[in-house]
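Q: Before I ask anything, let me first share the structure, which is written out below as C-alpha cells.
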Amino acid sequence: MQFVDPDNYEKQLDAKKAQFNTQFATFNLPELEVYSSPKQHYRMRSEFRVWHDGDDLYYIMFDQATKQKIRVDQFPPASELINNLMAPLIELIKVNKILRFKLFQIDFISTLSGQIVVSLLYHKQLDEQWVEEAQKLKTTLSAEFDINFIGRAKKQKFLLDKDYVVESLPVDGETLIYQQVENSFTQPNAAVCIDMLEWAIDCTRDSQGDLLELYCGNGNFSIALAKNFNKVLATEIAKPSVHSAQYNIAKNNIDNLTIIRMSAEEFTQAINKERTFNRLAGINLDDYQCNTIFVDPPRSGLDDETVKMVQTYDNILYISCNPDTLEANMQVFKETHEVKRFALFDQFPYTHHTEAGVFLVRR
C-alpha cells in the first residue's frame, strides 16, 4: 500500500532529484526544473477491492510486499472528493442486498471541477433490479455529490447516465475542458498535469510552423499547445481516447487541430511513404510544415524506427514516465540535438515512479 508521509515529502522529492541528476549526468543538461505535487489528495483516480466480512463491508488494498490485505476507510493519496464519498457510499451499499451481493471492486474517477464517476464491479450478472437499486443510490448521493454510476460484470456494462467526467483545468490563463472516460488513460495527478501543460506551453511559446504529436490520448497536450502553432496534427490508436479528443476539441473551440487514429509505428510508415492508410483519406501530410514534434510514449519508450523519425524534426518535446527508456532514446537524440529544458514532475509522490520533460533543439 502506498505510504504517505507529508512531513517527509521534500526528502523523498530530493531523492528523486538526486537520481535524475545522476542518471542523466552524461548529457550536459541545463539545471533541472522541479515541479512538486500536493502532499496529499493528489490522485484523481483510485481503485479498491471490497471485502465481505459477515454483515460488514469495507474497502481493502493489498500490501505489495507482504500480500496482506489492509482495511482502507480513508486514502490520503486520493482526491478529497473521493475521500468524502468513500464512507457514505460503502455504508449505503452495505445495507442493500442487491448492490452488495458479489461486489468485489469499486473504482473512482474524480475531477477538480467536482464531478465523479463510480464503477461497481461484480462477480455476477446484472439485471434491471440492480439498475433500479443503483438509481436509488445515485438519487440519495446526488444531494451532496455530482455523481454517476457504472455497473460492470462479465461482458456487461450498465450506465445510469454517462461513463465520463468533464474536467476543467486552469492552464496558462485559460480554462481548458477535458472529457475523461472511465477505463481510459488520463493524467492521475491533476495539479502536476497543469504544471506539465504550462511547462510544455512555455517551451514552445515562440514556435514557428506546425506541430506533430504522437500518443495524444484525449488531446490533453494537443489542446493546450494548439495556440502556439499554425496547425497541429496528432495521432492516437485507442478509439475511446480519439472520441474524447474530438469532444475536447469542440468544447475548447480549437480550429487548428486534427486527430487521426493511428499508432506511432503506423504514422512513421505513412510519413516515410512506406504504406498508405485509408484513415489518412482527405489528409495530405505534405500540407503540414511540422518542425516541432511532441511525444508522450508508454513506459516502453519509442521504438527504433520512431526514434529515427522523431530525430528528423528540429524541435523535440518529450514527456516520459520511464527514465530508463528516456535515457536510451536520448542517447540517439544527442547525436543531433541538444537539451534546452529538462524537468522532473512528481506525478507519483512517495513512489519510485517519476515523470520527466525534455525539450531538445537541433544543433
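Scheme for the C-alpha cells: letters A, B, ... for chains in order shown; per-chain residue numbers from 1; ligand numbers from 1 in order shown.
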Would you mind listing what lies within 8 Å of stretch 347-360 of chain A as a PyMOL selection string, with only C-alpha atoms counted and same-chain residues fewer than 5 positions away left out?
A: chain A and resi 2-5+9+12-13+16+36-37+39+188-189+192-193+196+203+315-323+337-342
Q: Compile the contact shell of A:Ala264 as JSON, numbers by chain: residues with an atom at most 7 Å away, counting only C-alpha atoms, same-chain residues fewer than 2 positions apart removed.
A: {"A": [214, 215, 262, 266, 267, 268, 306]}
Q: Quick one: write out the picked residues with all heavy atoms as an mmCIF file, in the first residue's frame?
A:
```cif
data_model
loop_
_atom_site.group_PDB
_atom_site.id
_atom_site.type_symbol
_atom_site.label_atom_id
_atom_site.label_comp_id
_atom_site.auth_asym_id
_atom_site.auth_seq_id
_atom_site.Cartn_x
_atom_site.Cartn_y
_atom_site.Cartn_z
ATOM 1 N N LEU A 214 2.563 12.577 -31.258
ATOM 2 C CA LEU A 214 2.304 11.141 -31.203
ATOM 3 C C LEU A 214 1.792 10.786 -29.811
ATOM 4 O O LEU A 214 2.181 11.391 -28.823
ATOM 5 C CB LEU A 214 3.575 10.342 -31.506
ATOM 6 C CG LEU A 214 4.345 10.710 -32.785
ATOM 7 C CD1 LEU A 214 5.556 9.791 -32.951
ATOM 8 C CD2 LEU A 214 3.457 10.626 -34.010
ATOM 9 N N TYR A 215 0.921 9.768 -29.738
ATOM 10 C CA TYR A 215 0.359 9.307 -28.455
ATOM 11 C C TYR A 215 -0.434 10.433 -27.779
ATOM 12 O O TYR A 215 -0.230 10.748 -26.607
ATOM 13 C CB TYR A 215 1.463 8.832 -27.499
ATOM 14 C CG TYR A 215 2.509 7.937 -28.088
ATOM 15 C CD1 TYR A 215 3.725 8.453 -28.528
ATOM 16 C CD2 TYR A 215 2.314 6.557 -28.186
ATOM 17 C CE1 TYR A 215 4.707 7.637 -29.061
ATOM 18 C CE2 TYR A 215 3.298 5.723 -28.709
ATOM 19 C CZ TYR A 215 4.492 6.271 -29.153
ATOM 20 O OH TYR A 215 5.462 5.460 -29.669
ATOM 21 N N MET A 262 -4.127 6.422 -35.417
ATOM 22 C CA MET A 262 -3.003 5.624 -35.902
ATOM 23 C C MET A 262 -2.021 5.424 -34.756
ATOM 24 O O MET A 262 -1.911 6.266 -33.861
ATOM 25 C CB MET A 262 -2.262 6.329 -37.054
ATOM 26 C CG MET A 262 -3.089 6.661 -38.268
ATOM 27 S SD MET A 262 -2.084 7.380 -39.600
ATOM 28 C CE MET A 262 -1.351 5.888 -40.272
ATOM 29 N N GLU A 266 2.609 3.136 -37.206
ATOM 30 C CA GLU A 266 1.899 3.315 -38.470
ATOM 31 C C GLU A 266 2.159 4.696 -39.055
ATOM 32 O O GLU A 266 2.368 4.836 -40.266
ATOM 33 C CB GLU A 266 0.396 3.114 -38.255
ATOM 34 C CG GLU A 266 0.000 1.669 -38.007
ATOM 35 C CD GLU A 266 -1.455 1.533 -37.625
ATOM 36 O OE1 GLU A 266 -2.031 2.481 -37.033
ATOM 37 O OE2 GLU A 266 -2.043 0.467 -37.896
ATOM 38 N N PHE A 267 2.154 5.708 -38.191
ATOM 39 C CA PHE A 267 2.393 7.051 -38.704
ATOM 40 C C PHE A 267 3.806 7.178 -39.263
ATOM 41 O O PHE A 267 4.020 7.853 -40.276
ATOM 42 C CB PHE A 267 2.175 8.108 -37.622
ATOM 43 C CG PHE A 267 2.290 9.508 -38.152
ATOM 44 C CD1 PHE A 267 1.216 10.106 -38.775
ATOM 45 C CD2 PHE A 267 3.487 10.209 -38.066
ATOM 46 C CE1 PHE A 267 1.316 11.387 -39.292
ATOM 47 C CE2 PHE A 267 3.604 11.483 -38.576
ATOM 48 C CZ PHE A 267 2.514 12.079 -39.195
ATOM 49 N N THR A 268 4.765 6.528 -38.622
ATOM 50 C CA THR A 268 6.134 6.540 -39.139
ATOM 51 C C THR A 268 6.174 5.957 -40.543
ATOM 52 O O THR A 268 6.837 6.493 -41.448
ATOM 53 C CB THR A 268 7.068 5.742 -38.205
ATOM 54 O OG1 THR A 268 7.060 6.349 -36.902
ATOM 55 C CG2 THR A 268 8.493 5.732 -38.731
ATOM 56 N N THR A 306 10.682 4.800 -34.840
ATOM 57 C CA THR A 306 10.069 6.062 -34.448
ATOM 58 C C THR A 306 11.121 7.031 -33.926
ATOM 59 O O THR A 306 11.042 8.242 -34.183
ATOM 60 C CB THR A 306 8.975 5.832 -33.389
ATOM 61 O OG1 THR A 306 7.983 4.924 -33.921
ATOM 62 C CG2 THR A 306 8.291 7.125 -33.008
#
```
Q: Which value, in Å to one decimal, gives the distance between atom CA of A:Val131 and atom CA of A:Gly151?
A: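 Between atom CA of A:Val131 and atom CA of A:Gly151 the gap is 8.2 Å.
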Q: Would you give me, as number ranges by chain, the residues in stretch 128-230 of chain A that DSSP reads as strand (DSSP E)?
A: A: 146-153, 156-159, 164-171, 174-181, 210-214
Q: Could you check which of A:Lys273, A:Lys334, A:His123, A:Lys67 is closest to A:Arg100, using only C-alpha atoms?
A: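 The answer is A:His123, which sits nearest to A:Arg100.
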Q: Would you mind reading off the distance between atom CA of A:Ala226 and atom CA of A:Asp346, one decimal, in Å?
A: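 These atoms are spaced 24.9 Å apart.
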Q: Ranking A:Lys231, A:Lys157, A:Arg362, A:His243 by minimum distance to A:Thr258 and counting only C-alpha atoms, which one comes first?
A: A:Lys231
Q: I need the residues of stretch 162-363 of chain A that end up classed as helix (DSSP H, G or I) by DSSP on the backbone, written out as JSON, numbers by chain.
A: {"A": [190, 191, 192, 193, 194, 195, 196, 197, 198, 199, 200, 201, 202, 203, 220, 221, 222, 223, 224, 225, 226, 227, 228, 239, 240, 241, 242, 243, 244, 245, 246, 247, 248, 249, 250, 251, 264, 265, 266, 267, 268, 269, 270, 271, 278, 279, 280, 285, 286, 287, 304, 305, 306, 307, 308, 309, 310, 323, 324, 325, 326, 327, 328, 329, 330, 331, 332, 333]}
Q: Residues at most 10 Å from A:Val95, counting only C-alpha atoms, excluding those fewer than 3 positions away in the same chain, as a VMD selection string?
A: chain A and resid 55 to 57 90 to 92 98 to 100
Q: Write out, as a compact mmCIF listing (two decimals), in the first residue's frame, the residues just selected, with N, CA and C atoms.
A:
```
# COMPACT_ATOMS: atom_id res chain seq x y z
N ASP A 55 -21.73 -9.32 8.13
CA ASP A 55 -22.59 -8.20 7.74
C ASP A 55 -21.78 -6.96 7.37
N ASP A 56 -20.51 -6.98 7.65
CA ASP A 56 -19.68 -5.82 7.38
C ASP A 56 -19.21 -5.82 5.93
N LEU A 57 -18.86 -4.66 5.46
CA LEU A 57 -18.37 -4.49 4.10
C LEU A 57 -17.43 -3.28 4.13
N ILE A 90 -20.04 3.29 0.89
CA ILE A 90 -19.94 1.90 1.35
C ILE A 90 -21.02 1.59 2.38
N GLU A 91 -21.43 2.59 3.18
CA GLU A 91 -22.48 2.36 4.17
C GLU A 91 -23.82 2.11 3.49
N LEU A 92 -24.10 2.82 2.42
CA LEU A 92 -25.36 2.61 1.70
C LEU A 92 -25.37 1.27 0.95
N ILE A 98 -28.96 -6.30 -2.87
CA ILE A 98 -28.76 -6.42 -4.32
C ILE A 98 -27.45 -5.75 -4.74
N LEU A 99 -27.16 -4.57 -4.20
CA LEU A 99 -25.95 -3.85 -4.59
C LEU A 99 -24.68 -4.47 -4.02
N ARG A 100 -24.77 -5.08 -2.85
CA ARG A 100 -23.57 -5.63 -2.23
C ARG A 100 -23.27 -7.06 -2.69
```
Q: Using atom CA of A:Tyr313 and atom CA of A:Tyr247 as the two end points, give the distance in Å to one decimal.
A: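 If I compute the distance from atom CA of A:Tyr313 to atom CA of A:Tyr247, I get 29.0 Å.
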Q: Hey, which of A:Val332, A:Ser119, A:Lys94, A:Phe221 ends up closest to A:Phe158? Count only C-alpha atoms.
A: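 Nearest candidate to A:Phe158 out of A:Val332, A:Ser119, A:Lys94, A:Phe221: A:Ser119.
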Q: Select from stretch 69-144 of chain A every residue with an atom at most 12 Å from any atom of stretch 178-183 of chain A, then for each give the shortest pair of atoms and their distance in Å to one decimal, using only C-alpha atoms, rows by chain and rising number, as a Markdown table.
A:
```
| residue | atom | partner | partner_atom | distance |
| --- | --- | --- | --- | --- |
| A:Asp107 | CA | A:Glu182 | CA | 9.0 |
| A:Phe108 | CA | A:Glu182 | CA | 8.6 |
| A:Ile109 | CA | A:Glu182 | CA | 7.0 |
| A:Ser110 | CA | A:Gln180 | CA | 9.3 |
| A:Thr111 | CA | A:Gln180 | CA | 9.1 |
| A:Leu112 | CA | A:Tyr178 | CA | 11.3 |
| A:Ser113 | CA | A:Tyr178 | CA | 10.5 |
| A:Gln115 | CA | A:Gln180 | CA | 10.5 |
| A:Ile116 | CA | A:Glu182 | CA | 10.2 |
| A:Val117 | CA | A:Glu182 | CA | 7.6 |
| A:Val118 | CA | A:Glu182 | CA | 8.8 |
| A:Ser119 | CA | A:Glu182 | CA | 8.2 |
| A:Leu120 | CA | A:Glu182 | CA | 11.7 |
```
Q: Which residue is closest to A:Leu169? Choose from A:Ala224, A:Trp51, A:Glu133, A:Arg71 and count only C-alpha atoms.
A: A:Ala224
Q: Which residues are near stretch 216-219 of chain A? Cut-off 7 Å, only C-alpha atoms, ignore same chain within fewer than 6 positions. Put them as a PyMOL selection string.
A: chain A and resi 234-236+241-242+244-245
Q: Go through A:Leu32, A:Ala143, A:Ala200, A:Met86 and flag the residue nearest A:Ser46, using only C-alpha atoms for the distances.
A: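 For A:Ser46, the nearest of the candidates is A:Met86.
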Q: Which one of A:Ala250, A:Leu160, A:Ile271, A:Leu302 sits closest to A:Leu212 if you count only C-alpha atoms?
A: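 Smallest separation from A:Leu212 among the options: A:Ile271.
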